[in-house]
Amino acid sequence: MAGSFFDTNVLIYLASNDAAKSRRAEELVIAGGMISVQVLNEITNVARRKMRLTWGETREFLSMVRGLLKVGDLTIGVHESGLAVAERHALSIYDAMIVAAALHADCDTLWSEDMHDGLVIDGRLHIVNPFRGAEL
């Protein structure tokens, strides 16, 4: 099942004051895709620490994201793959776990603003910055 997988940073723009990036993130999410439990955890961290959302607001945001995107499980298999991806591609362990989850979900596109735009993992997962080159 080829499809889209979302990094945390793209989803955070859904609640951003940056209208252009918010609109672009919304367009992509409406088209559908997947995330991992790790992405939900990272959203929670950013919502509470940086965005200063209340627990109620954070849960509301998480619920909205879960309603729009399929959530893949974080498994030992994903973890082991993530370790290999981190080592092979010199990614942070957190980015590598998201890459591994996308690979396990058979996605072909990983939308991320801060990973290596244009990098192709295992010949099938393309990391794409959704905001690069766009009229934002």
# chains A, B, ... in the order shown; residues from 1 in each chain; ligands from 1
call {"tool": "residues_around", "arguments": {"residues": "A:Val85", "least_positions_apart": "3", "cutoff": "12 Å", "atoms": "only C-alpha atoms", "output": "MDAnalysis selection string"}}
result
chainID A and resid 78:82 88:103 120:122 125
call {"tool": "write_last_selection", "arguments": {"atoms": "C-alpha atoms", "output": "mmCIF file, in the first residue's frame"}}
result
data_model
loop_
_atom_site.group_PDB
_atom_site.id
_atom_site.type_symbol
_atom_site.label_atom_id
_atom_site.label_comp_id
_atom_site.auth_asym_id
_atom_site.auth_seq_id
_atom_site.Cartn_x
_atom_site.Cartn_y
_atom_site.Cartn_z
ATOM 1 C CA VAL A 78 9.847 -1.050 13.808
ATOM 2 C CA HIS A 79 12.349 -0.376 16.598
ATOM 3 C CA GLU A 80 14.929 -2.778 15.146
ATOM 4 C CA SER A 81 14.446 -1.321 11.661
ATOM 5 C CA GLY A 82 14.805 2.176 13.107
ATOM 6 C CA ARG A 88 22.928 3.461 7.814
ATOM 7 C CA HIS A 89 21.680 7.001 7.069
ATOM 8 C CA ALA A 90 23.094 8.960 10.030
ATOM 9 C CA LEU A 91 19.611 10.070 11.145
ATOM 10 C CA SER A 92 18.674 10.874 14.710
ATOM 11 C CA ILE A 93 17.097 7.911 16.445
ATOM 12 C CA TYR A 94 13.747 9.725 16.586
ATOM 13 C CA ASP A 95 13.751 10.487 12.856
ATOM 14 C CA ALA A 96 14.908 6.942 12.091
ATOM 15 C CA MET A 97 11.992 5.477 14.060
ATOM 16 C CA ILE A 98 9.558 7.559 12.005
ATOM 17 C CA VAL A 99 11.287 6.428 8.802
ATOM 18 C CA ALA A 100 11.103 2.804 9.959
ATOM 19 C CA ALA A 101 7.395 3.124 10.779
ATOM 20 C CA ALA A 102 6.789 4.551 7.288
ATOM 21 C CA LEU A 103 8.707 1.667 5.721
ATOM 22 C CA VAL A 120 15.362 7.951 -0.684
ATOM 23 C CA ILE A 121 15.432 5.143 1.883
ATOM 24 C CA ASP A 122 15.645 1.517 0.743
ATOM 25 C CA LEU A 125 10.581 5.828 0.665
#
call {"tool": "residues_around", "arguments": {"residues": "stretch 34-51 of chain A", "least_positions_apart": "4", "cutoff": "7 Å", "atoms": "only C-alpha atoms", "output": "ChimeraX atom specification"}}
result
/A:4-8,12,58,62,69-74,101
call {"tool": "atom_distance", "arguments": {"atom1": "atom CA of A:Ser63", "atom2": "atom CA of A:Leu14"}}
result
13.0 Å
call {"tool": "select_by_dssp", "arguments": {"residues": "stretch 18-121 of chain A", "states": "strand (DSSP E)", "output": "PyMOL selection string"}}
result
chain A and resi 34-36+70-72+109-111+120-121
call {"tool": "residues_around", "arguments": {"residues": "A:Leu119", "least_positions_apart": "5", "cutoff": "8 Å", "atoms": "only C-alpha atoms", "output": "ChimeraX atom specification"}}
result
/A:126-128
call {"tool": "select_by_dssp", "arguments": {"residues": "chain A", "states": "helix (DSSP H, G or I)", "output": "PyMOL selection string"}}
result
chain A and resi 8-15+19-30+37-49+55-68+76-89+93-104
call {"tool": "closest_residue", "arguments": {"among": "A:Met115, A:Ala25, A:Ala105, A:Ile30", "to": "A:Thr75", "atoms": "only C-alpha atoms"}}
result
A:Ala105
call {"tool": "closest_residue", "arguments": {"among": "A:His116, A:Ala15, A:Gly33, A:Asp106", "to": "A:Glu57", "atoms": "only C-alpha atoms"}}
result
A:Ala15
call {"tool": "closest_residue", "arguments": {"among": "A:Asp108, A:Glu26, A:Asp18, A:Glu113", "to": "A:Val65", "atoms": "only C-alpha atoms"}}
result
A:Glu26
call {"tool": "atom_distance", "arguments": {"atom1": "atom CA of A:Leu83", "atom2": "atom CA of A:Val29"}}
result
27.5 Å
call {"tool": "atom_distance", "arguments": {"atom1": "atom CA of A:Cys107", "atom2": "atom CA of A:Gly67"}}
result
18.9 Å
call {"tool": "closest_residue", "arguments": {"among": "A:Asn17, A:Asp117, A:Asn129, A:Gly32", "to": "A:Leu68", "atoms": "only C-alpha atoms"}}
result
A:Gly32
call {"tool": "decode", "arguments": {"residues": "stretch 51-136 of chain A", "atoms": "C-alpha atoms", "output": "PDB file, in the first residue's frame"}}
result
ATOM      1  CA  MET A  51       2.444  25.627  22.209  1.00  0.00           C
ATOM      2  CA  ARG A  52       1.421  25.685  25.874  1.00  0.00           C
ATOM      3  CA  LEU A  53      -1.885  23.946  25.202  1.00  0.00           C
ATOM      4  CA  THR A  54      -3.894  22.666  28.135  1.00  0.00           C
ATOM      5  CA  TRP A  55      -4.325  18.920  28.523  1.00  0.00           C
ATOM      6  CA  GLY A  56      -7.854  19.267  27.169  1.00  0.00           C
ATOM      7  CA  GLU A  57      -6.678  21.202  24.108  1.00  0.00           C
ATOM      8  CA  THR A  58      -3.854  18.720  23.578  1.00  0.00           C
ATOM      9  CA  ARG A  59      -6.241  15.758  23.704  1.00  0.00           C
ATOM     10  CA  GLU A  60      -8.584  17.543  21.294  1.00  0.00           C
ATOM     11  CA  PHE A  61      -5.744  18.124  18.825  1.00  0.00           C
ATOM     12  CA  LEU A  62      -4.574  14.514  19.127  1.00  0.00           C
ATOM     13  CA  SER A  63      -8.115  13.257  18.611  1.00  0.00           C
ATOM     14  CA  MET A  64      -8.447  15.355  15.462  1.00  0.00           C
ATOM     15  CA  VAL A  65      -5.167  13.998  14.076  1.00  0.00           C
ATOM     16  CA  ARG A  66      -6.147  10.391  14.914  1.00  0.00           C
ATOM     17  CA  GLY A  67      -9.461  10.957  13.154  1.00  0.00           C
ATOM     18  CA  LEU A  68      -7.753  12.102   9.963  1.00  0.00           C
ATOM     19  CA  LEU A  69      -4.810   9.705   9.718  1.00  0.00           C
ATOM     20  CA  LYS A  70      -4.306   6.005  10.313  1.00  0.00           C
ATOM     21  CA  VAL A  71      -2.017   5.263  13.271  1.00  0.00           C
ATOM     22  CA  GLY A  72       0.531   2.470  12.948  1.00  0.00           C
ATOM     23  CA  ASP A  73       1.714   0.561  15.970  1.00  0.00           C
ATOM     24  CA  LEU A  74       5.192   1.006  17.373  1.00  0.00           C
ATOM     25  CA  THR A  75       6.585  -2.528  17.485  1.00  0.00           C
ATOM     26  CA  ILE A  76       9.888  -4.233  18.209  1.00  0.00           C
ATOM     27  CA  GLY A  77      10.194  -4.783  14.450  1.00  0.00           C
ATOM     28  CA  VAL A  78       9.847  -1.050  13.808  1.00  0.00           C
ATOM     29  CA  HIS A  79      12.349  -0.376  16.598  1.00  0.00           C
ATOM     30  CA  GLU A  80      14.929  -2.778  15.146  1.00  0.00           C
ATOM     31  CA  SER A  81      14.446  -1.321  11.661  1.00  0.00           C
ATOM     32  CA  GLY A  82      14.805   2.176  13.107  1.00  0.00           C
ATOM     33  CA  LEU A  83      18.140   1.291  14.667  1.00  0.00           C
ATOM     34  CA  ALA A  84      19.402   0.061  11.299  1.00  0.00           C
ATOM     35  CA  VAL A  85      18.094   3.179   9.502  1.00  0.00           C
ATOM     36  CA  ALA A  86      19.749   5.475  12.058  1.00  0.00           C
ATOM     37  CA  GLU A  87      23.074   3.732  11.604  1.00  0.00           C
ATOM     38  CA  ARG A  88      22.928   3.461   7.814  1.00  0.00           C
ATOM     39  CA  HIS A  89      21.680   7.001   7.069  1.00  0.00           C
ATOM     40  CA  ALA A  90      23.094   8.960  10.030  1.00  0.00           C
ATOM     41  CA  LEU A  91      19.611  10.070  11.145  1.00  0.00           C
ATOM     42  CA  SER A  92      18.674  10.874  14.710  1.00  0.00           C
ATOM     43  CA  ILE A  93      17.097   7.911  16.445  1.00  0.00           C
ATOM     44  CA  TYR A  94      13.747   9.725  16.586  1.00  0.00           C
ATOM     45  CA  ASP A  95      13.751  10.487  12.856  1.00  0.00           C
ATOM     46  CA  ALA A  96      14.908   6.942  12.091  1.00  0.00           C
ATOM     47  CA  MET A  97      11.992   5.477  14.060  1.00  0.00           C
ATOM     48  CA  ILE A  98       9.558   7.559  12.005  1.00  0.00           C
ATOM     49  CA  VAL A  99      11.287   6.428   8.802  1.00  0.00           C
ATOM     50  CA  ALA A 100      11.103   2.804   9.959  1.00  0.00           C
ATOM     51  CA  ALA A 101       7.395   3.124  10.779  1.00  0.00           C
ATOM     52  CA  ALA A 102       6.789   4.551   7.288  1.00  0.00           C
ATOM     53  CA  LEU A 103       8.707   1.667   5.721  1.00  0.00           C
ATOM     54  CA  HIS A 104       6.761  -0.904   7.749  1.00  0.00           C
ATOM     55  CA  ALA A 105       3.529   0.744   6.579  1.00  0.00           C
ATOM     56  CA  ASP A 106       4.699   0.420   2.942  1.00  0.00           C
ATOM     57  CA  CYS A 107       4.467   4.172   2.406  1.00  0.00           C
ATOM     58  CA  ASP A 108       6.349   5.752  -0.484  1.00  0.00           C
ATOM     59  CA  THR A 109       6.377   9.379   0.742  1.00  0.00           C
ATOM     60  CA  LEU A 110       7.425  10.745   4.118  1.00  0.00           C
ATOM     61  CA  TRP A 111       6.397  14.380   4.495  1.00  0.00           C
ATOM     62  CA  SER A 112       8.932  16.146   6.718  1.00  0.00           C
ATOM     63  CA  GLU A 113      10.117  19.718   6.952  1.00  0.00           C
ATOM     64  CA  ASP A 114      13.349  18.952   8.786  1.00  0.00           C
ATOM     65  CA  MET A 115      14.605  15.595   7.529  1.00  0.00           C
ATOM     66  CA  HIS A 116      16.820  15.233   4.465  1.00  0.00           C
ATOM     67  CA  ASP A 117      14.608  16.487   1.601  1.00  0.00           C
ATOM     68  CA  GLY A 118      15.113  14.260  -1.425  1.00  0.00           C
ATOM     69  CA  LEU A 119      16.635  11.342   0.481  1.00  0.00           C
ATOM     70  CA  VAL A 120      15.362   7.951  -0.684  1.00  0.00           C
ATOM     71  CA  ILE A 121      15.432   5.143   1.883  1.00  0.00           C
ATOM     72  CA  ASP A 122      15.645   1.517   0.743  1.00  0.00           C
ATOM     73  CA  GLY A 123      14.886   2.596  -2.812  1.00  0.00           C
ATOM     74  CA  ARG A 124      11.217   3.178  -2.004  1.00  0.00           C
ATOM     75  CA  LEU A 125      10.581   5.828   0.665  1.00  0.00           C
ATOM     76  CA  HIS A 126      11.044   9.404  -0.526  1.00  0.00           C
ATOM     77  CA  ILE A 127      11.494  12.117   2.090  1.00  0.00           C
ATOM     78  CA  VAL A 128       9.827  15.277   0.835  1.00  0.00           C
ATOM     79  CA  ASN A 129       9.679  18.730   2.391  1.00  0.00           C
ATOM     80  CA  PRO A 130       6.095  19.803   1.624  1.00  0.00           C
ATOM     81  CA  PHE A 131       6.995  23.473   1.999  1.00  0.00           C
ATOM     82  CA  ARG A 132      10.090  23.599  -0.238  1.00  0.00           C
ATOM     83  CA  GLY A 133       9.628  25.449  -3.485  1.00  0.00           C
ATOM     84  CA  ALA A 134       6.000  26.275  -2.742  1.00  0.00           C
ATOM     85  CA  GLU A 135       4.690  29.801  -2.869  1.00  0.00           C
ATOM     86  CA  LEU A 136       4.361  30.186   0.897  1.00  0.00           C
TER      87      LEU A 136
END
